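Colleague: Contents of structure02.txt (compact mmCIF, C-alpha atoms) are given next:
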```txt
# COMPACT_ATOMS: atom_id res chain seq x y z
CA MET A 15 44.11 55.48 0.01
CA THR A 16 44.39 58.19 2.63
CA ASP A 17 45.45 61.74 1.83
CA GLU A 18 48.67 61.33 3.81
CA PHE A 19 49.97 58.88 1.16
CA LYS A 20 48.69 60.67 -1.97
CA ASN A 21 51.36 63.35 -1.97
CA LYS A 22 54.34 61.13 -1.15
CA LEU A 23 56.67 60.01 -3.94
CA TYR A 24 58.07 57.10 -1.89
CA LEU A 25 56.45 54.96 0.80
CA THR A 26 58.04 52.87 3.55
CA PRO A 27 57.10 49.20 4.03
CA ASN A 28 55.00 50.23 7.05
CA GLU A 29 53.11 52.84 5.01
CA VAL A 30 52.46 50.34 2.21
CA ALA A 31 51.26 47.82 4.80
CA GLN A 32 48.89 50.38 6.30
CA TRP A 33 47.55 51.31 2.85
CA MET A 34 47.09 47.67 1.77
CA MET A 35 45.84 46.55 5.22
CA VAL A 36 48.45 43.80 5.61
CA SER A 37 51.48 43.37 7.86
CA PRO A 38 54.88 44.94 6.97
CA VAL A 39 56.29 41.40 6.78
CA THR A 40 53.86 40.69 3.94
CA VAL A 41 55.03 43.80 2.07
CA ARG A 42 58.66 42.73 2.47
CA GLY A 43 57.73 39.26 1.18
CA TRP A 44 56.10 40.75 -1.93
CA ALA A 45 59.30 42.76 -2.53
CA GLN A 46 61.57 39.73 -2.03
CA LYS A 47 59.50 37.71 -4.50
CA GLY A 48 59.72 40.55 -7.05
CA MET A 49 55.97 41.10 -7.04
CA LEU A 50 56.23 44.66 -5.73
CA GLN A 51 59.20 46.63 -7.05
CA ALA A 52 61.25 48.43 -4.42
CA GLU A 53 64.20 50.76 -4.45
CA VAL A 54 66.86 50.43 -1.78
CA THR A 55 68.29 53.43 0.05
CA PRO A 56 72.06 53.73 0.67
CA GLY A 57 71.27 52.57 4.22
CA GLY A 58 69.70 49.34 2.89
CA HIS A 59 66.03 50.23 3.50
CA ARG A 60 63.28 49.49 0.96
CA ARG A 61 61.21 52.33 -0.41
CA PHE A 62 58.28 51.92 -2.77
CA ARG A 63 57.28 54.41 -5.45
CA HIS A 64 53.69 55.55 -5.03
CA GLU A 65 52.85 54.61 -8.64
CA GLU A 66 54.29 51.11 -8.15
CA VAL A 67 52.11 50.50 -5.09
CA GLU A 68 49.02 51.65 -7.01
CA ARG A 69 49.94 49.34 -9.92
CA PHE A 70 50.47 46.43 -7.57
CA ALA A 71 47.22 47.05 -5.69
CA HIS A 72 45.24 47.18 -8.92
CA HIS A 73 46.95 44.18 -10.55
CA TRP A 74 46.98 41.79 -7.61
CA ASN A 75 43.68 42.64 -5.97
CA PRO A 76 41.04 40.06 -6.95
CA GLN A 77 38.32 42.28 -5.47
CA GLY A 78 38.96 45.25 -7.78
CA ASN A 79 39.00 48.52 -5.85
CA LYS A 80 37.18 46.99 -2.90
CA GLY A 81 40.40 46.38 -0.99
CA PRO A 82 42.28 43.27 0.07
CA LEU A 83 40.43 39.97 0.18
CA LYS A 84 39.06 39.51 3.70
CA VAL A 85 39.58 35.97 4.99
CA LEU A 86 38.34 34.52 8.28
CA VAL A 87 40.14 31.35 9.41
CA VAL A 88 38.24 29.24 11.96
CA ASP A 89 40.10 26.39 13.68
CA ASP A 90 40.61 25.31 17.29
CA ASP A 91 44.24 24.34 16.54
CA LEU A 92 46.39 27.43 17.15
CA ALA A 93 49.23 26.01 15.05
CA VAL A 94 46.88 25.70 12.05
CA LEU A 95 45.61 29.25 12.62
CA GLY A 96 49.17 30.57 12.65
CA PHE A 97 50.21 28.57 9.60
CA LEU A 98 47.21 29.71 7.53
CA ARG A 99 47.57 33.36 8.60
CA GLU A 100 51.24 33.38 7.59
CA LEU A 101 50.54 31.54 4.33
CA LEU A 102 47.70 33.85 3.29
CA GLU A 103 49.29 37.13 4.35
CA GLY A 104 52.54 36.21 2.61
CA GLY A 105 50.93 35.07 -0.64
CA ALA A 106 50.56 36.70 -4.02
CA HIS A 107 47.16 38.24 -3.28
CA PRO A 108 46.66 41.05 -0.78
CA MET A 109 44.61 39.66 2.09
CA LEU A 110 43.35 40.84 5.42
CA VAL A 111 43.20 37.78 7.69
CA GLU A 112 41.27 37.36 10.94
CA THR A 113 41.10 34.21 13.02
CA ALA A 114 38.59 32.56 15.33
CA SER A 115 39.23 29.51 17.51
CA ASP A 116 35.64 28.31 17.76
CA GLY A 117 32.33 28.45 15.93
CA PHE A 118 30.78 30.99 18.27
CA ASP A 119 33.65 33.46 17.78
CA ALA A 120 33.37 32.82 14.03
CA GLY A 121 29.71 33.87 14.04
CA HIS A 122 30.59 37.11 15.77
CA LYS A 123 33.44 37.85 13.33
CA VAL A 124 31.26 37.13 10.30
CA HIS A 125 29.12 40.08 11.46
CA THR A 126 31.91 42.43 12.58
CA PHE A 127 34.68 41.61 10.06
CA GLY A 128 32.52 40.84 7.02
CA PRO A 129 34.79 38.26 5.35
CA ASP A 130 34.78 37.43 1.64
CA VAL A 131 36.06 33.92 2.40
CA VAL A 132 35.75 31.72 5.50
CA LEU A 133 38.06 28.75 6.02
CA VAL A 134 36.45 26.54 8.65
CA ASP A 135 37.56 23.33 10.35
CA LEU A 136 35.03 20.50 10.59
CA MET A 137 35.89 19.21 14.06
CA MET A 138 35.74 21.90 16.72
CA PRO A 139 34.48 21.86 20.29
CA GLY A 140 31.04 23.35 20.78
CA LEU A 141 29.89 24.18 17.28
CA LYS A 142 30.96 21.86 14.45
CA GLY A 143 32.11 23.22 11.11
CA THR A 144 28.94 21.98 9.41
CA GLU A 145 26.83 24.15 11.71
CA VAL A 146 29.14 27.14 11.15
CA CYS A 147 28.66 26.70 7.37
CA ARG A 148 24.89 26.44 7.76
CA ARG A 149 24.70 29.56 9.93
CA ILE A 150 26.90 31.63 7.63
CA LYS A 151 24.78 30.76 4.60
CA GLN A 152 21.56 31.58 6.52
CA THR A 153 22.85 34.94 7.77
CA PRO A 154 21.29 37.88 5.88
CA GLY A 155 23.99 39.54 3.80
CA ALA A 156 26.47 36.69 4.26
CA ALA A 157 25.05 34.10 1.85
CA GLN A 158 27.61 35.15 -0.79
CA VAL A 159 30.55 34.44 1.55
CA HIS A 160 32.74 31.73 0.01
CA VAL A 161 33.11 28.93 2.59
CA VAL A 162 35.96 26.42 2.39
CA ALA A 163 35.68 23.54 4.87
CA MET A 164 38.81 21.77 6.09
CA SER A 165 39.28 18.51 7.96
CA GLY A 166 41.88 15.97 8.90
CA TYR A 167 39.04 13.45 8.53
CA MET A 168 37.62 14.36 5.11
CA SER A 169 35.62 11.24 4.38
CA PRO A 170 33.04 11.14 1.58
CA GLU A 171 30.33 11.33 4.27
CA ASN A 172 31.88 14.40 5.90
CA GLN A 173 32.33 16.08 2.52
CA ALA A 174 28.70 15.43 1.57
CA GLU A 175 27.53 16.80 4.95
CA LEU A 176 29.65 19.96 4.58
CA LEU A 177 28.50 20.63 1.02
CA ALA A 178 24.88 20.13 2.07
CA ALA A 179 25.43 22.66 4.89
CA GLY A 180 26.62 25.29 2.42
CA ALA A 181 30.38 24.81 2.03
CA ASP A 182 31.58 25.83 -1.43
CA ALA A 183 34.65 23.57 -1.29
CA CYS A 184 36.20 20.94 0.98
CA LEU A 185 39.88 20.32 1.65
CA ALA A 186 41.67 17.53 3.46
CA LYS A 187 44.35 18.42 5.99
CA PRO A 188 47.25 18.86 5.85
CA ILE A 189 46.48 21.87 3.65
CA VAL A 190 48.27 22.05 0.29
CA PRO A 191 48.69 25.77 -0.54
CA ALA A 192 47.92 25.43 -4.27
CA ARG A 193 44.70 23.54 -3.51
CA LEU A 194 43.74 26.11 -0.89
CA TYR A 195 44.18 29.02 -3.32
CA GLN A 196 42.19 27.10 -5.93
CA ALA A 197 39.38 26.38 -3.44
CA MET A 198 39.33 30.09 -2.57
CA GLY A 199 38.86 30.93 -6.26
CA LEU A 200 42.25 32.61 -6.61
CA GLU A 201 43.96 30.19 -9.00
CA ASP A 202 42.95 27.64 -11.62
```
When written as structure tokens, how does the structure in this file appear?
Modeller:
Amino acid sequence: MTDEFKNKLYLTPNEVAQWMMVSPVTVRGWAQKGMLQAEVTPGGHRRFRHEEVERFAHHWNPQGNKGPLKVLVVDDDLAVLGFLRELLEGGAHPMLVETASDGFDAGHKVHTFGPDVVLVDLMMPGLKGTEVCRRIKQTPGAAQVHVVAMSGYMSPENQAELLAAGADACLAKPIVPARLYQAMGLED
């Protein structure tokens, strides 16, 4: 938390978003779901007590004090990228989400973004998801990254190939949110 927020009794949705490294829409979603308690001004604006934001950050953060879970989504389908970003940023766990539309961009972002979890599509032009998995697991300092492979063609052969390449879990598309969270290690 930066010093500018430490001395404030109430925070705006934008300030909470900056602190938690998510979008303001995500903060509003947490408030609407009752996960993050807000007070409403006479003008109808949400304000969050500093102590409530600290409680929420500590309770909902699966990474302890490390910060929001960093998730890299890799898929050449822009609609899937948008869907997964919205789903993850609006969920119960604070997440910082980055996207990549091909395997080469994914490799770069693994180094610069340092994700905790990578969601990678199997079928992409250029570099297939199996090779992305293999390269992530062989990258020094990235072997602990949790890799979830996704495919609209999740055959037993594809699943075996992905697991052999280093994927920790495999999901068939269309993605079911509860299964995704479970594969990410966030729910039972």
Colleague: From (37.3, 27.1, -4.8), in the file's coordinates, out to 7 Å: which residues are reached, counting all atoms listed in the file? Answer as a list in words.
Modeller: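 Answer for this query, in the requested form: Asp182, Ala183, Gln196, Ala197, Met198 and Gly199 of chain A.
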Colleague: Atoms to include: C-alpha atoms. Write the selected residues as a tab-separated table (two decimals), keeping the file's coordinate frame.
Modeller:
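The file below, out02.tsv, is the result:
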```tsv
chain	number	residue	atom	x	y	z
A	182	ASP	CA	31.58	25.83	-1.43
A	183	ALA	CA	34.65	23.57	-1.29
A	196	GLN	CA	42.19	27.10	-5.93
A	197	ALA	CA	39.38	26.38	-3.44
A	198	MET	CA	39.33	30.09	-2.57
A	199	GLY	CA	38.86	30.93	-6.26
```
Colleague: Listed atoms of region 115-129 of chain A, axis-aligned box, 5 Å per side: centre and edge lengths to one decimal in Å, as lines of an AutoDock Vina configuration file?
Modeller:
```
center_x = 34.2
center_y = 35.4
center_z = 11.8
size_x = 20.1
size_y = 24.1
size_z = 22.9
```
Colleague: So which one's closest to Asp116 (chain A), A:Glu66, A:Asp130, A:Asp90, A:Glu100? Using all atoms listed in the file, please.
Modeller: A:Asp90
Colleague: With all atoms listed in the file as the basis for distance, which of A:Asp91, A:Glu68, A:Glu29, A:Glu53 is at the shortest distance from Leu136 (chain A)?
Modeller: A:Asp91
Colleague: In file coordinates, which residues lie within 8 Å of (42.9, 32.7, 14.9) using all atoms listed in the file, given as a list in words?
Modeller: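 In the file's frame, the residues around the point are Val87, Val88, Asp89, Leu92, Leu95, Gly96, Arg99, Glu112, Thr113, Ala114 and Ser115 of chain A.
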Colleague: List the neighbours of His125 (chain A) out to 12 Å using only C-alpha atoms; skip same-chain residues closer than 2 positions along the sequence, and give me the result as a list in words.
Modeller: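 Counting only C-alpha atoms, the residues come to Leu86, Phe118, Asp119, Ala120, Gly121, His122, Lys123, Phe127, Gly128, Pro129, Asp130, Arg149, Ile150, Thr153, Pro154, Gly155, Ala156 and Val159 of chain A.
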Colleague: From the options A:Val67, A:Ile189, A:Val131, A:Val85, which residue's atoms come nearest to Gln158 (chain A), counting all atoms listed in the file?
Modeller: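 When distances to Gln158 (chain A) are compared using all atoms listed in the file, the smallest one comes from A:Val131.
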Colleague: What's the separation between CA of Ala181 (chain A) and CA of Ser165 (chain A), in Å to one decimal place?
Modeller: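 So the two atoms, CA of Ala181 (chain A) and CA of Ser165 (chain A), lie 12.4 Å apart.
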Colleague: Got a sec: who's within 10 Å of Gly140 (chain A), counting all atoms listed in the file, leaving out chain neighbours fewer than 2 positions off, as a ChimeraX atom specification?
Modeller: /A:116-118,137-138,142-143
Colleague: Would you save the residues from that selection as an mmCIF file, in the coordinates of the input, using C-alpha atoms?
Modeller:
```cif
data_model
loop_
_atom_site.group_PDB
_atom_site.id
_atom_site.type_symbol
_atom_site.label_atom_id
_atom_site.label_comp_id
_atom_site.auth_asym_id
_atom_site.auth_seq_id
_atom_site.Cartn_x
_atom_site.Cartn_y
_atom_site.Cartn_z
ATOM 1 C CA ASP A 116 35.640 28.310 17.760
ATOM 2 C CA GLY A 117 32.330 28.450 15.930
ATOM 3 C CA PHE A 118 30.780 30.990 18.270
ATOM 4 C CA MET A 137 35.890 19.210 14.060
ATOM 5 C CA MET A 138 35.740 21.900 16.720
ATOM 6 C CA LYS A 142 30.960 21.860 14.450
ATOM 7 C CA GLY A 143 32.110 23.220 11.110
#
```
Colleague: One decimal, in Å: what's the spacing between CA of Met49 (chain A) and CA of Pro191 (chain A)?
Modeller: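 Interatomic distance, CA of Met49 (chain A) to CA of Pro191 (chain A): 18.2 Å.
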Colleague: If you measure from CA of Thr126 (chain A) to CA of Val111 (chain A), what distance in Å do you get, rounded to one decimal?
Modeller: 13.2 Å
Colleague: Which one of A:Ala106, A:Ala174, A:Leu50, A:Val39 sits closest to Leu200 (chain A) if you count all atoms listed in the file?
Modeller: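 Nearest candidate to Leu200 (chain A) out of A:Ala106, A:Ala174, A:Leu50, A:Val39: A:Ala106.
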Colleague: Could you please fill out region 91-102 of chain A with all heavy atoms and send it back as a short mmCIF file (atom, residue, chain, number, x, y, z; two decimals), in the frame of the given file?
Modeller:
```cif
data_model
loop_
_atom_site.label_atom_id
_atom_site.label_comp_id
_atom_site.auth_asym_id
_atom_site.auth_seq_id
_atom_site.Cartn_x
_atom_site.Cartn_y
_atom_site.Cartn_z
N ASP A 91 42.81 24.64 16.45
CA ASP A 91 44.24 24.34 16.54
C ASP A 91 45.02 25.63 16.26
O ASP A 91 45.03 26.12 15.13
CB ASP A 91 44.59 23.25 15.52
CG ASP A 91 46.03 22.78 15.62
OD1 ASP A 91 46.90 23.57 16.05
OD2 ASP A 91 46.29 21.63 15.25
N LEU A 92 45.67 26.16 17.29
CA LEU A 92 46.39 27.43 17.15
C LEU A 92 47.53 27.34 16.15
O LEU A 92 47.85 28.31 15.49
CB LEU A 92 46.90 27.90 18.51
CG LEU A 92 45.81 28.23 19.54
CD1 LEU A 92 46.43 28.71 20.85
CD2 LEU A 92 44.84 29.27 19.00
N ALA A 93 48.15 26.17 16.03
CA ALA A 93 49.23 26.01 15.05
C ALA A 93 48.69 26.14 13.62
O ALA A 93 49.31 26.77 12.76
CB ALA A 93 49.92 24.66 15.23
N VAL A 94 47.51 25.59 13.37
CA VAL A 94 46.88 25.70 12.05
C VAL A 94 46.51 27.15 11.78
O VAL A 94 46.73 27.67 10.68
CB VAL A 94 45.65 24.78 11.93
CG1 VAL A 94 44.87 25.05 10.65
CG2 VAL A 94 46.06 23.32 12.00
N LEU A 95 45.95 27.84 12.78
CA LEU A 95 45.61 29.25 12.62
C LEU A 95 46.85 30.07 12.24
O LEU A 95 46.81 30.89 11.31
CB LEU A 95 44.99 29.83 13.89
CG LEU A 95 43.58 29.39 14.25
CD1 LEU A 95 43.16 30.01 15.58
CD2 LEU A 95 42.60 29.74 13.16
N GLY A 96 47.94 29.84 12.94
CA GLY A 96 49.17 30.57 12.65
C GLY A 96 49.72 30.26 11.28
O GLY A 96 50.14 31.17 10.55
N PHE A 97 49.72 28.98 10.92
CA PHE A 97 50.21 28.57 9.60
C PHE A 97 49.40 29.23 8.49
O PHE A 97 49.95 29.79 7.54
CB PHE A 97 50.15 27.04 9.46
CG PHE A 97 50.31 26.56 8.05
CD1 PHE A 97 51.54 26.56 7.42
CD2 PHE A 97 49.19 26.10 7.33
CE1 PHE A 97 51.68 26.12 6.11
CE2 PHE A 97 49.32 25.67 6.02
CZ PHE A 97 50.57 25.68 5.40
N LEU A 98 48.06 29.15 8.59
CA LEU A 98 47.21 29.71 7.53
C LEU A 98 47.31 31.23 7.47
O LEU A 98 47.34 31.81 6.38
CB LEU A 98 45.77 29.26 7.71
CG LEU A 98 45.52 27.78 7.40
CD1 LEU A 98 44.10 27.37 7.76
CD2 LEU A 98 45.82 27.46 5.93
N ARG A 99 47.40 31.89 8.60
CA ARG A 99 47.57 33.36 8.60
C ARG A 99 48.85 33.73 7.86
O ARG A 99 48.86 34.59 6.99
CB ARG A 99 47.59 33.92 10.01
CG ARG A 99 47.83 35.44 10.04
CD ARG A 99 48.00 35.98 11.43
NE ARG A 99 46.79 36.08 12.17
CZ ARG A 99 45.92 37.09 12.09
NH1 ARG A 99 46.15 38.08 11.26
NH2 ARG A 99 44.84 37.09 12.83
N GLU A 100 49.95 33.08 8.22
CA GLU A 100 51.24 33.38 7.59
C GLU A 100 51.20 33.07 6.09
O GLU A 100 51.69 33.86 5.28
CB GLU A 100 52.34 32.58 8.28
CG GLU A 100 53.74 32.96 7.82
CD GLU A 100 54.80 32.23 8.63
OE1 GLU A 100 54.67 32.12 9.87
OE2 GLU A 100 55.77 31.77 8.00
N LEU A 101 50.64 31.93 5.73
CA LEU A 101 50.54 31.54 4.33
C LEU A 101 49.75 32.56 3.52
O LEU A 101 50.17 33.01 2.45
CB LEU A 101 49.88 30.16 4.21
CG LEU A 101 49.60 29.67 2.79
CD1 LEU A 101 50.90 29.31 2.08
CD2 LEU A 101 48.66 28.47 2.82
N LEU A 102 48.58 32.94 4.03
CA LEU A 102 47.70 33.85 3.29
C LEU A 102 48.24 35.27 3.24
O LEU A 102 48.19 35.93 2.20
CB LEU A 102 46.30 33.82 3.89
CG LEU A 102 45.59 32.48 3.79
CD1 LEU A 102 44.31 32.49 4.62
CD2 LEU A 102 45.31 32.10 2.35
#
```
